[in-house]
Structure formats: structure tokens, C-alpha cells
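Shown here: target_17.cif, mmCIF, C-alpha atoms.
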data_input
loop_
_atom_site.group_PDB
_atom_site.id
_atom_site.type_symbol
_atom_site.label_atom_id
_atom_site.label_comp_id
_atom_site.auth_asym_id
_atom_site.auth_seq_id
_atom_site.Cartn_x
_atom_site.Cartn_y
_atom_site.Cartn_z
ATOM 1 C CA MET A 105 -43.456 -5.680 29.318
ATOM 2 C CA LYS A 106 -43.834 -3.791 26.034
ATOM 3 C CA VAL A 107 -47.326 -2.973 24.807
ATOM 4 C CA SER A 108 -46.742 -4.914 21.565
ATOM 5 C CA ILE A 109 -45.916 -8.102 23.505
ATOM 6 C CA ALA A 110 -48.848 -7.618 25.895
ATOM 7 C CA VAL A 111 -51.224 -7.172 22.949
ATOM 8 C CA THR A 112 -49.978 -10.361 21.258
ATOM 9 C CA LYS A 113 -50.486 -12.367 24.457
ATOM 10 C CA TYR A 114 -53.921 -10.889 25.107
ATOM 11 C CA VAL A 115 -55.293 -11.575 21.628
ATOM 12 C CA ALA A 116 -53.886 -15.134 21.718
ATOM 13 C CA TRP A 117 -55.492 -15.700 25.142
ATOM 14 C CA ARG A 118 -58.878 -14.467 23.875
ATOM 15 C CA ARG A 119 -58.695 -16.787 20.875
ATOM 16 C CA GLU A 120 -57.860 -19.748 23.124
ATOM 17 C CA LEU A 121 -61.101 -19.011 24.964
ATOM 18 C CA GLY A 122 -62.988 -19.376 21.673
ATOM 19 C CA PHE A 123 -63.425 -15.728 20.651
ATOM 20 C CA ARG A 124 -62.844 -14.856 17.000
ATOM 21 C CA CYS A 125 -61.283 -11.481 17.858
ATOM 22 C CA THR A 126 -61.353 -10.327 14.236
ATOM 23 C CA SER A 127 -62.324 -6.714 14.924
ATOM 24 C CA ASP A 128 -60.498 -6.733 18.268
ATOM 25 C CA ALA A 129 -57.287 -7.827 16.545
ATOM 26 C CA ARG A 130 -57.556 -4.936 14.076
ATOM 27 C CA PHE A 131 -58.074 -2.455 16.895
ATOM 28 C CA PHE A 132 -55.185 -3.766 18.982
ATOM 29 C CA SER A 133 -52.941 -3.789 15.938
ATOM 30 C CA SER A 134 -53.537 -0.041 15.687
ATOM 31 C CA PHE A 135 -53.077 0.328 19.451
ATOM 32 C CA SER A 136 -49.795 -1.587 19.301
ATOM 33 C CA PHE A 137 -48.584 0.540 16.380
ATOM 34 C CA HIS A 138 -49.268 3.656 18.461
ATOM 35 C CA PHE A 139 -47.852 2.492 21.820
ATOM 36 C CA GLY A 140 -45.976 -0.692 20.910
ATOM 37 C CA GLU A 141 -42.470 0.209 22.125
ATOM 38 C CA ARG A 142 -43.606 1.618 25.455
ATOM 39 C CA SER A 143 -43.866 -0.350 28.661
ATOM 40 C CA VAL A 144 -47.430 -1.073 29.797
ATOM 41 C CA LYS A 145 -46.481 0.392 33.197
ATOM 42 C CA ASP A 146 -45.732 3.763 31.573
ATOM 43 C CA LEU A 147 -49.182 4.177 30.015
ATOM 44 C CA ARG A 148 -51.333 6.961 31.443
ATOM 45 C CA ALA A 149 -55.090 7.465 31.376
ATOM 46 C CA SER A 150 -54.677 10.806 29.592
ATOM 47 C CA GLN A 151 -52.754 9.095 26.768
ATOM 48 C CA ILE A 152 -55.401 6.389 26.452
ATOM 49 C CA ALA A 153 -58.182 8.998 26.404
ATOM 50 C CA LYS A 154 -56.442 10.886 23.595
ATOM 51 C CA PHE A 155 -56.090 7.658 21.591
ATOM 52 C CA ILE A 156 -59.739 6.640 22.089
ATOM 53 C CA ASN A 157 -61.271 10.049 21.479
ATOM 54 C CA SER A 158 -59.903 10.547 17.993
ATOM 55 C CA PRO A 159 -61.840 13.225 16.073
ATOM 56 C CA LYS A 160 -62.375 10.688 13.284
ATOM 57 C CA SER A 161 -64.086 8.199 15.639
ATOM 58 C CA SER A 162 -67.823 8.182 16.190
ATOM 59 C CA LEU A 163 -69.294 8.160 19.678
ATOM 60 C CA SER A 164 -70.259 4.488 19.368
ATOM 61 C CA THR A 165 -66.705 3.563 18.274
ATOM 62 C CA ARG A 166 -65.207 5.417 21.225
ATOM 63 C CA HIS A 167 -67.503 3.586 23.604
ATOM 64 C CA THR A 168 -66.613 0.208 22.054
ATOM 65 C CA ASN A 169 -62.859 0.873 22.159
ATOM 66 C CA HIS A 170 -63.065 2.014 25.778
ATOM 67 C CA GLY A 171 -64.554 -1.382 26.667
ATOM 68 C CA ARG A 172 -61.855 -3.212 24.706
ATOM 69 C CA LEU A 173 -59.029 -1.419 26.500
ATOM 70 C CA THR A 174 -60.715 -1.834 29.892
ATOM 71 C CA ARG A 175 -60.781 -5.630 29.400
ATOM 72 C CA PHE A 176 -57.174 -5.545 28.152
ATOM 73 C CA PHE A 177 -55.897 -3.682 31.211
ATOM 74 C CA GLN A 178 -57.922 -5.890 33.557
ATOM 75 C CA TYR A 179 -56.225 -8.914 31.968
ATOM 76 C CA LEU A 180 -52.786 -7.385 32.614
ATOM 77 C CA TYR A 181 -53.785 -6.415 36.153
ATOM 78 C CA ARG A 182 -54.851 -9.982 37.010
ATOM 79 C CA ARG A 183 -51.558 -11.261 35.612
ATOM 80 C CA GLY A 184 -49.635 -8.896 37.856
ATOM 81 C CA ASP A 185 -48.223 -6.848 34.962
ATOM 82 C CA LEU A 186 -50.012 -3.723 36.217
ATOM 83 C CA THR A 187 -50.606 -2.362 39.704
ATOM 84 C CA SER A 188 -53.341 0.041 38.571
ATOM 85 C CA LEU A 189 -55.641 0.467 35.579
ATOM 86 C CA PRO A 190 -54.813 3.439 33.283
ATOM 87 C CA VAL A 191 -58.422 3.633 32.133
ATOM 88 C CA PRO A 192 -59.895 7.089 31.399
ATOM 89 C CA PRO A 193 -63.538 7.956 32.182
ATOM 90 C CA LYS A 194 -66.124 6.410 29.888
ATOM 91 C CA PRO A 195 -67.164 8.426 26.835
ATOM 92 C CA PRO A 196 -70.790 9.621 26.805
ATOM 93 C CA ARG A 197 -73.178 6.774 26.241
ATOM 94 C CA TYR A 198 -74.064 6.220 22.615
ATOM 95 C CA GLU A 199 -77.731 6.607 21.730
ATOM 96 C CA ASN A 200 -78.673 4.915 18.497
ATOM 97 C CA THR A 201 -81.075 7.183 16.646
ATOM 98 C CA PHE A 202 -81.014 5.183 13.415
ATOM 99 C CA VAL A 203 -84.434 3.812 12.490
ATOM 100 C CA PRO A 204 -84.384 0.624 10.382
ATOM 101 C CA TYR A 205 -86.191 0.815 7.070
ATOM 102 C CA ILE A 206 -89.206 -1.445 6.557
ATOM 103 C CA TYR A 207 -89.577 -2.354 2.896
ATOM 104 C CA SER A 208 -93.030 -2.679 1.393
ATOM 105 C CA ARG A 209 -93.807 -5.791 -0.614
ATOM 106 C CA ASN A 210 -93.877 -3.679 -3.745
ATOM 107 C CA GLU A 211 -90.356 -2.409 -2.989
ATOM 108 C CA ILE A 212 -89.104 -5.962 -2.498
ATOM 109 C CA ARG A 213 -90.550 -6.916 -5.873
ATOM 110 C CA ARG A 214 -88.660 -3.986 -7.401
ATOM 111 C CA LEU A 215 -85.404 -5.041 -5.718
ATOM 112 C CA ILE A 216 -85.523 -8.496 -7.292
ATOM 113 C CA SER A 217 -86.897 -7.495 -10.697
ATOM 114 C CA ASP A 218 -84.916 -8.438 -13.803
ATOM 115 C CA CYS A 219 -84.467 -4.866 -15.001
ATOM 116 C CA VAL A 220 -82.966 -3.805 -11.641
ATOM 117 C CA LEU A 221 -80.678 -6.806 -11.083
ATOM 118 C CA ASN A 222 -79.463 -6.892 -14.686
ATOM 119 C CA GLY A 223 -79.012 -3.163 -15.118
ATOM 120 C CA SER A 224 -78.020 -1.806 -11.703
ATOM 121 C CA MET A 225 -74.245 -2.309 -12.198
ATOM 122 C CA ARG A 226 -71.769 -3.520 -14.800
ATOM 123 C CA ARG A 227 -70.513 -6.640 -13.047
ATOM 124 C CA PRO A 228 -71.848 -7.387 -9.558
ATOM 125 C CA LEU A 229 -70.260 -9.823 -7.136
ATOM 126 C CA ALA A 230 -72.749 -12.576 -7.975
ATOM 127 C CA GLU A 231 -75.030 -13.524 -10.848
ATOM 128 C CA PRO A 232 -78.435 -11.754 -10.885
ATOM 129 C CA GLU A 233 -80.175 -15.063 -10.171
ATOM 130 C CA THR A 234 -77.985 -15.564 -7.095
ATOM 131 C CA LEU A 235 -78.653 -12.034 -5.856
ATOM 132 C CA ARG A 236 -82.399 -12.529 -6.344
ATOM 133 C CA ALA A 237 -82.395 -15.811 -4.414
ATOM 134 C CA PHE A 238 -80.190 -14.317 -1.685
ATOM 135 C CA LEU A 239 -82.430 -11.278 -1.129
ATOM 136 C CA LEU A 240 -85.581 -13.403 -1.105
ATOM 137 C CA PHE A 241 -83.928 -15.797 1.352
ATOM 138 C CA LEU A 242 -83.099 -12.903 3.718
ATOM 139 C CA TYR A 243 -86.646 -11.584 3.524
ATOM 140 C CA GLY A 244 -88.318 -15.010 3.694
ATOM 141 C CA THR A 245 -86.386 -16.248 6.736
ATOM 142 C CA GLY A 246 -85.309 -13.161 8.685
ATOM 143 C CA VAL A 247 -81.826 -14.620 9.172
ATOM 144 C CA SER A 248 -78.803 -12.379 9.537
ATOM 145 C CA LEU A 249 -76.442 -11.610 6.674
ATOM 146 C CA GLY A 250 -73.690 -13.739 8.217
ATOM 147 C CA GLU A 251 -76.010 -16.729 8.625
ATOM 148 C CA ALA A 252 -77.049 -16.568 4.963
ATOM 149 C CA ILE A 253 -73.470 -16.213 3.700
ATOM 150 C CA THR A 254 -72.156 -19.212 5.676
ATOM 151 C CA LEU A 255 -75.099 -21.484 4.773
ATOM 152 C CA THR A 256 -73.883 -24.693 3.112
ATOM 153 C CA ARG A 257 -75.702 -27.436 1.240
ATOM 154 C CA ARG A 258 -75.299 -29.730 4.262
ATOM 155 C CA ASP A 259 -77.127 -27.154 6.386
ATOM 156 C CA VAL A 260 -80.245 -27.439 4.210
ATOM 157 C CA ASP A 261 -82.306 -30.507 5.105
ATOM 158 C CA PHE A 262 -85.121 -30.869 2.590
ATOM 159 C CA VAL A 263 -86.361 -34.059 4.273
ATOM 160 C CA ARG A 264 -86.751 -32.622 7.770
ATOM 161 C CA GLN A 265 -87.453 -29.174 6.290
ATOM 162 C CA THR A 266 -84.928 -27.416 8.526
ATOM 163 C CA LEU A 267 -81.993 -25.022 8.199
ATOM 164 C CA ALA A 268 -78.832 -25.128 10.317
ATOM 165 C CA LEU A 269 -77.547 -21.592 10.793
ATOM 166 C CA ALA A 270 -74.392 -20.073 12.260
ATOM 167 C CA ARG A 271 -73.249 -16.454 12.306
ATOM 168 C CA HIS A 272 -69.663 -17.569 11.719
ATOM 169 C CA GLU A 273 -68.220 -20.763 10.320
ATOM 170 C CA ASP A 274 -66.744 -21.798 13.685
ATOM 171 C CA SER A 275 -69.714 -20.824 15.884
ATOM 172 C CA GLN A 276 -72.430 -23.101 17.208
ATOM 173 C CA LYS A 277 -75.343 -23.726 14.859
ATOM 174 C CA ARG A 278 -79.022 -23.281 15.571
ATOM 175 C CA ILE A 279 -81.840 -25.115 13.814
ATOM 176 C CA ILE A 280 -84.928 -23.394 12.445
ATOM 177 C CA PRO A 281 -87.877 -24.764 10.436
ATOM 178 C CA MET A 282 -87.962 -24.147 6.694
ATOM 179 C CA GLY A 283 -91.265 -23.011 5.239
ATOM 180 C CA LYS A 284 -92.679 -24.181 1.926
ATOM 181 C CA ASP A 285 -91.821 -20.970 0.044
ATOM 182 C CA VAL A 286 -88.213 -20.986 1.275
ATOM 183 C CA ARG A 287 -87.899 -24.683 0.461
ATOM 184 C CA ASN A 288 -89.085 -24.071 -3.096
ATOM 185 C CA LEU A 289 -86.797 -21.055 -3.438
ATOM 186 C CA LEU A 290 -83.674 -22.995 -2.421
ATOM 187 C CA SER A 291 -84.622 -26.052 -4.439
ATOM 188 C CA GLN A 292 -85.148 -24.054 -7.633
ATOM 189 C CA TYR A 293 -82.005 -22.000 -7.119
ATOM 190 C CA LEU A 294 -79.744 -25.006 -6.412
ATOM 191 C CA ASP A 295 -81.116 -26.766 -9.510
ATOM 192 C CA SER A 296 -80.726 -23.716 -11.739
ATOM 193 C CA PRO A 297 -78.109 -23.675 -14.533
ATOM 194 C CA THR A 298 -76.501 -20.607 -12.937
ATOM 195 C CA ARG A 299 -75.808 -22.447 -9.670
ATOM 196 C CA LYS A 300 -74.900 -25.772 -11.278
ATOM 197 C CA ARG A 301 -72.072 -24.126 -13.211
ATOM 198 C CA VAL A 302 -70.254 -23.486 -9.931
ATOM 199 C CA SER A 303 -68.968 -26.210 -7.615
ATOM 200 C CA SER A 304 -69.020 -25.074 -4.000
ATOM 201 C CA PRO A 305 -70.253 -26.382 -0.627
ATOM 202 C CA TYR A 306 -71.911 -23.012 0.017
ATOM 203 C CA VAL A 307 -75.452 -22.332 -1.095
ATOM 204 C CA PHE A 308 -74.945 -18.737 -2.259
ATOM 205 C CA VAL A 309 -71.708 -18.134 -4.112
ATOM 206 C CA ALA A 310 -69.989 -15.453 -6.180
ATOM 207 C CA ARG A 311 -69.299 -15.764 -9.891
ATOM 208 C CA SER A 312 -65.851 -17.150 -9.045
ATOM 209 C CA GLY A 313 -67.326 -19.927 -6.910
ATOM 210 C CA ASN A 314 -65.968 -18.387 -3.696
ATOM 211 C CA PRO A 315 -68.246 -17.592 -0.752
ATOM 212 C CA LEU A 316 -69.965 -14.217 -0.863
ATOM 213 C CA LYS A 317 -68.233 -11.389 0.996
ATOM 214 C CA GLU A 318 -70.355 -9.217 3.261
ATOM 215 C CA HIS A 319 -68.773 -5.857 2.367
ATOM 216 C CA ASN A 320 -69.054 -6.598 -1.375
ATOM 217 C CA LEU A 321 -72.696 -7.602 -0.973
ATOM 218 C CA MET A 322 -73.542 -4.411 0.880
ATOM 219 C CA TYR A 323 -71.817 -2.356 -1.813
ATOM 220 C CA ASP A 324 -73.715 -4.133 -4.597
ATOM 221 C CA PHE A 325 -76.987 -3.797 -2.698
ATOM 222 C CA GLN A 326 -76.721 -0.017 -2.615
ATOM 223 C CA HIS A 327 -76.548 0.004 -6.420
ATOM 224 C CA ILE A 328 -79.560 -2.335 -6.547
ATOM 225 C CA ARG A 329 -81.526 -0.150 -4.119
ATOM 226 C CA GLN A 330 -80.791 3.002 -6.078
ATOM 227 C CA ALA A 331 -81.786 1.331 -9.352
ATOM 228 C CA ALA A 332 -85.045 0.236 -7.687
ATOM 229 C CA GLY A 333 -85.720 3.875 -6.717
ATOM 230 C CA ILE A 334 -85.843 3.247 -2.967
ATOM 231 C CA PHE A 335 -84.664 6.254 -0.954
ATOM 232 C CA ARG A 336 -85.457 8.144 2.209
ATOM 233 C CA PRO A 337 -84.465 11.583 3.581
ATOM 234 C CA GLY A 338 -81.419 12.012 5.798
ATOM 235 C CA GLY A 339 -78.423 11.729 3.514
ATOM 236 C CA PRO A 340 -76.324 8.743 2.384
ATOM 237 C CA TRP A 341 -75.801 7.297 5.875
ATOM 238 C CA ARG A 342 -79.542 7.014 6.533
ATOM 239 C CA GLN A 343 -80.475 5.030 3.430
ATOM 240 C CA PRO A 344 -82.127 1.580 3.552
ATOM 241 C CA ARG A 345 -79.735 -1.324 4.074
ATOM 242 C CA MET A 346 -79.674 -4.990 3.166
ATOM 243 C CA HIS A 347 -79.807 -5.798 6.900
ATOM 244 C CA ASP A 348 -83.194 -4.061 7.049
ATOM 245 C CA LEU A 349 -84.697 -7.090 5.295
ATOM 246 C CA ARG A 350 -84.368 -8.849 8.661
ATOM 247 C CA TYR A 351 -86.408 -6.102 10.336
ATOM 248 C CA THR A 352 -88.879 -6.223 7.457
ATOM 249 C CA PHE A 353 -89.382 -9.960 7.945
ATOM 250 C CA ALA A 354 -90.200 -9.474 11.639
ATOM 251 C CA VAL A 355 -92.527 -6.503 11.116
ATOM 252 C CA HIS A 356 -94.414 -8.209 8.272
ATOM 253 C CA ARG A 357 -94.787 -11.343 10.399
ATOM 254 C CA ILE A 358 -96.150 -9.406 13.378
ATOM 255 C CA THR A 359 -98.449 -7.441 11.050
ATOM 256 C CA SER A 360 -99.883 -10.650 9.615
ATOM 257 C CA TRP A 361 -100.572 -11.944 13.137
ATOM 258 C CA TYR A 362 -102.522 -8.808 14.000
ATOM 259 C CA LYS A 363 -104.539 -9.107 10.791
ATOM 260 C CA GLN A 364 -105.253 -12.785 11.507
ATOM 261 C CA ARG A 365 -106.241 -11.856 15.102
ATOM 262 C CA VAL A 366 -103.593 -14.149 16.530
ATOM 263 C CA ASN A 367 -102.522 -13.589 20.160
ATOM 264 C CA VAL A 368 -99.348 -11.654 19.347
ATOM 265 C CA GLU A 369 -98.051 -11.612 22.934
ATOM 266 C CA LYS A 370 -97.912 -15.407 22.959
ATOM 267 C CA MET A 371 -96.175 -15.544 19.590
ATOM 268 C CA LEU A 372 -93.423 -13.005 20.321
ATOM 269 C CA PRO A 373 -91.232 -15.350 22.450
ATOM 270 C CA ALA A 374 -91.348 -17.911 19.626
ATOM 271 C CA LEU A 375 -90.337 -15.207 17.147
ATOM 272 C CA ALA A 376 -87.408 -14.241 19.382
ATOM 273 C CA VAL A 377 -86.150 -17.834 19.497
ATOM 274 C CA TYR A 378 -86.655 -18.308 15.759
ATOM 275 C CA MET A 379 -84.598 -15.200 14.977
ATOM 276 C CA GLY A 380 -81.814 -16.223 17.353
ATOM 277 C CA HIS A 381 -82.360 -13.566 20.020
ATOM 278 C CA SER A 382 -81.457 -14.396 23.618
ATOM 279 C CA GLY A 383 -83.995 -11.952 25.066
ATOM 280 C CA MET A 384 -87.089 -9.931 24.234
ATOM 281 C CA ARG A 385 -85.398 -6.544 23.875
ATOM 282 C CA PRO A 386 -84.945 -6.742 20.060
ATOM 283 C CA ILE A 387 -88.561 -7.876 19.722
ATOM 284 C CA GLN A 388 -89.708 -4.676 21.400
ATOM 285 C CA ARG A 389 -87.933 -2.750 18.649
ATOM 286 C CA TYR A 390 -89.742 -4.779 16.000
ATOM 287 C CA LEU A 391 -93.024 -3.897 17.702
ATOM 288 C CA SER A 392 -92.121 -0.208 17.678
ATOM 289 C CA LEU A 393 -91.840 -0.423 13.881
ATOM 290 C CA THR A 394 -95.200 -2.172 13.427
ATOM 291 C CA PRO A 395 -98.071 0.280 12.742
ATOM 292 C CA GLU A 396 -100.713 -2.358 13.523
ATOM 293 C CA HIS A 397 -99.313 -2.676 17.053
ATOM 294 C CA PHE A 398 -100.030 0.982 17.760
ATOM 295 C CA ARG A 399 -103.449 0.834 16.132
ATOM 296 C CA LYS A 400 -104.247 -2.045 18.495
ATOM 297 C CA GLN A 401 -103.105 0.007 21.504
ATOM 298 C CA VAL A 402 -105.275 2.963 20.438
ATOM 299 C CA VAL A 403 -108.314 0.700 20.213
ATOM 300 C CA LEU A 404 -107.600 -0.762 23.662
ATOM 301 C CA ILE A 405 -107.223 2.700 25.192
ATOM 302 C CA ASN A 406 -110.292 4.198 23.504
ATOM 303 C CA PRO A 407 -112.570 1.476 22.088
ATOM 304 C CA GLN A 408 -115.178 4.095 21.118
ATOM 305 C CA ASN A 409 -112.886 5.203 18.257
ATOM 306 C CA SER A 410 -113.145 1.807 16.615
ATOM 307 C CA ARG A 411 -116.920 1.769 17.067
ATOM 308 C CA CYS A 412 -117.197 5.168 15.419
ATOM 309 C CA ARG A 413 -115.124 4.004 12.494
ATOM 310 C CA LYS A 414 -117.328 0.918 12.052
ATOM 311 C CA ARG A 415 -120.494 3.062 12.079
ATOM 312 C CA SER A 416 -119.057 5.495 9.541
ATOM 313 C CA ARG A 417 -118.218 2.618 7.230
ATOM 314 C CA ASN A 418 -121.734 1.285 7.497
#
Rewrite the structure from the file as C-alpha cells, please.
Amino acid sequence: MKVSIAVTKYVAWRRELGFRCTSDARFFSSFSFHFGERSVKDLRASQIAKFINSPKSSLSTRHTNHGRLTRFFQYLYRRGDLTSLPVPPKPPRYENTFVPYIYSRNEIRRLISDCVLNGSMRRPLAEPETLRAFLLFLYGTGVSLGEAITLTRRDVDFVRQTLALARHEDSQKRIIPMGKDVRNLLSQYLDSPTRKRVSSPYVFVARSGNPLKEHNLMYDFQHIRQAAGIFRPGGPWRQPRMHDLRYTFAVHRITSWYKQRVNVEKMLPALAVYMGHSGMRPIQRYLSLTPEHFRKQVVLINPQNSRCRKRSRN
């Protein structure tokens, strides 16, 4: 069997199982272009290693592509199209050293200010009022970029005060409560002249009336961030992102619990469910970005420090 035929069958099989395979399909299209006319039985681990370990690929990409090809060859092996797996050794494990950026409330106010949204670029993807509402919605709910983009009017229940969210249009939805501030934000935006001029089932739309596109939004956001004067050291690839508003939501929420003397340990599982996490691992990362969490640990380890501070204040 030729590689091109095997790839077509594999991607179709994955989609029948319910996987979107958008990024996988792009990868296997490149793989098929490279090896398409060869027989799958003629592939060698050394050839696969050379394809995966392209100098232009990052370590994380190499690791991801190794997993994709491993699953592909296992599929062919179970079908009887291969008698062995031409899988090279795994690339070194990728260690993510990127630290999400936590915006201050003052920085968020700058991001959504009129002078920044109206003057950051000549013609952004969406109207300034839409961009303002979209950024505030991300910060006020902590939802992912995909969940905000695919949100429709039917997903917003003002009576029950809930939001139905899905990362993709064909994925299962989850329901979260809608706070008063978010409810007012969506109500005012949907009733605004800017939004009423466009007919669309989606809540946040581009000037054309089409759904917002993630890559266009991220491009526009970088112009907005620069106009707001928000930078950090480390070069262009280390700059604050739109996705960091999700981290900011979680850190600000945890910070407020510490200040209100709420039992944070009891609240963290609820935060994980609210944000759509299946485990507590992402929550631990939010904690690592919360200064109040470490101040609390210092006080627990050495309570005399806090007593000294109180006496000095008095």
C-alpha cells in the first residue's frame, strides 16, 4: 500500500471516530507529499527520524509529530499492513519554559481604552466595540479563545444566567454560570448599534458579519498590546498574549479568595471544573503565578514574620 493511500484511510478513520484532525490532516498532507509514492513497507526508522527532526521544527513540534506517526504506524500494524513499526527513538522531552503573563487591572483598562482600540491599527478584524467586549469577556469569564469565538446567541441564557461553551462547533458543550458583570456586558454589547448592524448567530463577529478568526484576532491583539505599552523582556516570542487573559482571570480570582480569607483549597476544584479542566494540574500552574499563595506559605512556615510585620505597622 502506498503511503498516500494509507494516510487517506487513516485520517478518514480518525474522523469517523469523532476527531477533528485539522492539524493532523495538515501534518499528514506534508508527510504524504514527502513519502506518498513509496510503499509503507519500505519506510525505515532513519527516514522517519530525518523527516521529524527537521532543523526548522521546534523540540515540541518534533515530539508532537513523533506521537502522530507512532499512532499512524500502530493503525497500519493492527490492520496487517505492517509487520513492524518503523518508529525512531523519541526526541528529547519538551520542557515548556514559557511563563504566562498576568495582566494588572490597570493594563486591562489600557487594552480596552478608546485611544488604544481606535488608534492601534488602520482597520482591525472587528469594530473597536466588538474587540472591547471580546477582551472583557475573556477576562471576565476565563474561557478559552475557541469557546469565546464559537459562542452563539442561543448559548447565552439570560433567564437562567448561564453560558453554553464548546471549544469547537462540533464538540460537546459545557454549562457555566454567568455573573452579573458578564451578563451586563453581553446585554449591552448585543443591544449596541455596532452589533445590531450585523446579522449573525454568533455573539462576537467581524465587520463582515462572519465569525471571528483566531489567527486574525491574535494578530490584531499584538497591535493593541503594543499601543497599550505592555511589554516584557525576552524578545518577540515572549510577549504577552491574548490567551494570557485566561491565566489572568484565574490568578485574580485566587488572589481575591486569599484577600477575602476564603478556604482556597476547597475552592480550587470548583475553579478547575468552571474552567473546563479535567484535573488539578493546570490549577497548580495558576497557583504558581499567584503571589498571595506564596506569601501565605511563608506565613505558615514562619508565623513570626507576620507578627513582626504587624508590630512594625503598629
Quiz item: What residues come out when you apply the PyMOL selection byres ((chain A and resi 390) around 12) to this file, written as a ChimeraX atom specification?
Solution: /A:203-206,246,348,350-359,372,375-376,379,384-389,391-398
Practice problem: Just the residues within 9 Å of region 170-186 of chain A, please, counting all atoms listed in the file, with nothing from its chain fewer than 4 positions along; format it as a count of residues only. | Solution: 20
Quiz item: What is the CA of Ala149 (chain A)-CA of Ala116 (chain A) distance in Å, reported with one decimal?
Solution: 24.6 Å
Quiz item: At what distance in Å, to one decimal, does CA of His272 (chain A) lie from CA of Leu249 (chain A)?
Solution: 10.3 Å
Quiz item: In Å, with one decimal, what is the gap from CA of Phe137 (chain A) to CA of Gln151 (chain A)?
Solution: 14.1 Å
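Minimum distance to Phe135 (chain A) across A:Ser161, A:Gly244, A:Leu229, A:Asn169 (counting all atoms listed in the file) occurs at A:Asn169.
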Quiz item: Within 12 Å of (-72.5, -6.4, 6.2), all atoms listed in the file: residues as a PyMOL selection string?
Solution: chain A and resi 248-253+271+316-326+345-348
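The nearest approach to Ser208 (chain A) among the residues A:Arg227, A:His167, A:Ile334, A:Ala268, with all atoms listed in the file taken into account, belongs to A:Ile334.
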Quiz item: Could you pull the residues within 7 Å of region 235-239 of chain A, counting all atoms listed in the file, minus those fewer than 5 positions along the same chain, as a PyMOL selection string?
Solution: chain A and resi 216+230+289+293+308
Quiz item: Could you name the residues that touch Ser217 (chain A) at 10 Å or less, counting all atoms listed in the file, but leaving out those on the same chain fewer than 6 positions away, as a list in words?
Solution: Glu211, Pro232, Arg236, Ile328 and Ala332 of chain A
Quiz item: Using the chain letters and numbers from the file, which residues does the PyMOL selection byres ((chain A and resi 141-143) around 8) grab, as a PyMOL selection string?
Solution: chain A and resi 105-108+139-140+144-147
Practice problem: Determine, counting all atoms listed in the file, which protein, DNA and RNA residues have an atom within 9 Å of an atom of Met282 (chain A); residues of the same chain fewer than 3 positions away are not included. Present the result as a PyMOL selection string. | Solution: chain A and resi 245+260-262+264-267+285-287
Keeping only C-alpha atoms, write the selected residues to a file as an mmCIF file, keeping the file's coordinate frame.
data_model
loop_
_atom_site.group_PDB
_atom_site.id
_atom_site.type_symbol
_atom_site.label_atom_id
_atom_site.label_comp_id
_atom_site.auth_asym_id
_atom_site.auth_seq_id
_atom_site.Cartn_x
_atom_site.Cartn_y
_atom_site.Cartn_z
ATOM 1 C CA THR A 245 -86.386 -16.248 6.736
ATOM 2 C CA VAL A 260 -80.245 -27.439 4.210
ATOM 3 C CA ASP A 261 -82.306 -30.507 5.105
ATOM 4 C CA PHE A 262 -85.121 -30.869 2.590
ATOM 5 C CA ARG A 264 -86.751 -32.622 7.770
ATOM 6 C CA GLN A 265 -87.453 -29.174 6.290
ATOM 7 C CA THR A 266 -84.928 -27.416 8.526
ATOM 8 C CA LEU A 267 -81.993 -25.022 8.199
ATOM 9 C CA ASP A 285 -91.821 -20.970 0.044
ATOM 10 C CA VAL A 286 -88.213 -20.986 1.275
ATOM 11 C CA ARG A 287 -87.899 -24.683 0.461
#
Exercise. Could you tell me which residues the PyMOL selection byres ((chain A and resi 306) around 7) grabs in this file, written as a PyMOL selection string?
Key: chain A and resi 254-257+304-305+307-309+315
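The nearest approach to Arg301 (chain A) among the residues A:Glu231, A:Met371, A:Arg258, A:Trp341, with all atoms listed in the file taken into account, belongs to A:Glu231.
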Selected region 111-115 of chain A, written as a PDB file, in the first residue's frame, all heavy atoms:
ATOM      1  N   VAL A 111      -2.397   7.167   4.311  1.00  0.00           N
ATOM      2  CA  VAL A 111      -2.694   8.412   5.011  1.00  0.00           C
ATOM      3  C   VAL A 111      -4.161   8.790   4.852  1.00  0.00           C
ATOM      4  O   VAL A 111      -4.837   9.175   5.814  1.00  0.00           O
ATOM      5  CB  VAL A 111      -1.779   9.547   4.490  1.00  0.00           C
ATOM      6  CG1 VAL A 111      -2.332  10.913   4.874  1.00  0.00           C
ATOM      7  CG2 VAL A 111      -0.374   9.380   5.039  1.00  0.00           C
ATOM      8  N   THR A 112      -4.686   8.669   3.633  1.00  0.00           N
ATOM      9  CA  THR A 112      -6.096   8.993   3.375  1.00  0.00           C
ATOM     10  C   THR A 112      -7.015   8.125   4.220  1.00  0.00           C
ATOM     11  O   THR A 112      -7.986   8.608   4.823  1.00  0.00           O
ATOM     12  CB  THR A 112      -6.422   8.809   1.887  1.00  0.00           C
ATOM     13  OG1 THR A 112      -5.566   9.663   1.108  1.00  0.00           O
ATOM     14  CG2 THR A 112      -7.868   9.164   1.600  1.00  0.00           C
ATOM     15  N   LYS A 113      -6.720   6.836   4.300  1.00  0.00           N
ATOM     16  CA  LYS A 113      -7.547   5.912   5.084  1.00  0.00           C
ATOM     17  C   LYS A 113      -7.446   6.217   6.578  1.00  0.00           C
ATOM     18  O   LYS A 113      -8.452   6.170   7.301  1.00  0.00           O
ATOM     19  CB  LYS A 113      -7.108   4.471   4.810  1.00  0.00           C
ATOM     20  CG  LYS A 113      -7.477   3.959   3.422  1.00  0.00           C
ATOM     21  CD  LYS A 113      -7.137   2.492   3.283  1.00  0.00           C
ATOM     22  CE  LYS A 113      -7.595   1.959   1.926  1.00  0.00           C
ATOM     23  NZ  LYS A 113      -7.315   0.510   1.777  1.00  0.00           N
ATOM     24  N   TYR A 114      -6.241   6.539   7.030  1.00  0.00           N
ATOM     25  CA  TYR A 114      -6.051   6.800   8.458  1.00  0.00           C
ATOM     26  C   TYR A 114      -6.788   8.061   8.908  1.00  0.00           C
ATOM     27  O   TYR A 114      -7.489   8.050   9.930  1.00  0.00           O
ATOM     28  CB  TYR A 114      -4.559   6.930   8.755  1.00  0.00           C
ATOM     29  CG  TYR A 114      -4.248   7.320  10.175  1.00  0.00           C
ATOM     30  CD1 TYR A 114      -4.462   6.439  11.230  1.00  0.00           C
ATOM     31  CD2 TYR A 114      -3.748   8.595  10.474  1.00  0.00           C
ATOM     32  CE1 TYR A 114      -4.188   6.798  12.532  1.00  0.00           C
ATOM     33  CE2 TYR A 114      -3.461   8.956  11.774  1.00  0.00           C
ATOM     34  CZ  TYR A 114      -3.689   8.065  12.806  1.00  0.00           C
ATOM     35  OH  TYR A 114      -3.417   8.421  14.099  1.00  0.00           O
ATOM     36  N   VAL A 115      -6.669   9.128   8.158  1.00  0.00           N
ATOM     37  CA  VAL A 115      -7.337  10.378   8.514  1.00  0.00           C
ATOM     38  C   VAL A 115      -8.854  10.201   8.476  1.00  0.00           C
ATOM     39  O   VAL A 115      -9.578  10.686   9.360  1.00  0.00           O
ATOM     40  CB  VAL A 115      -6.897  11.519   7.573  1.00  0.00           C
ATOM     41  CG1 VAL A 115      -7.726  12.776   7.824  1.00  0.00           C
ATOM     42  CG2 VAL A 115      -5.414  11.828   7.765  1.00  0.00           C
TER      43      VAL A 115
END
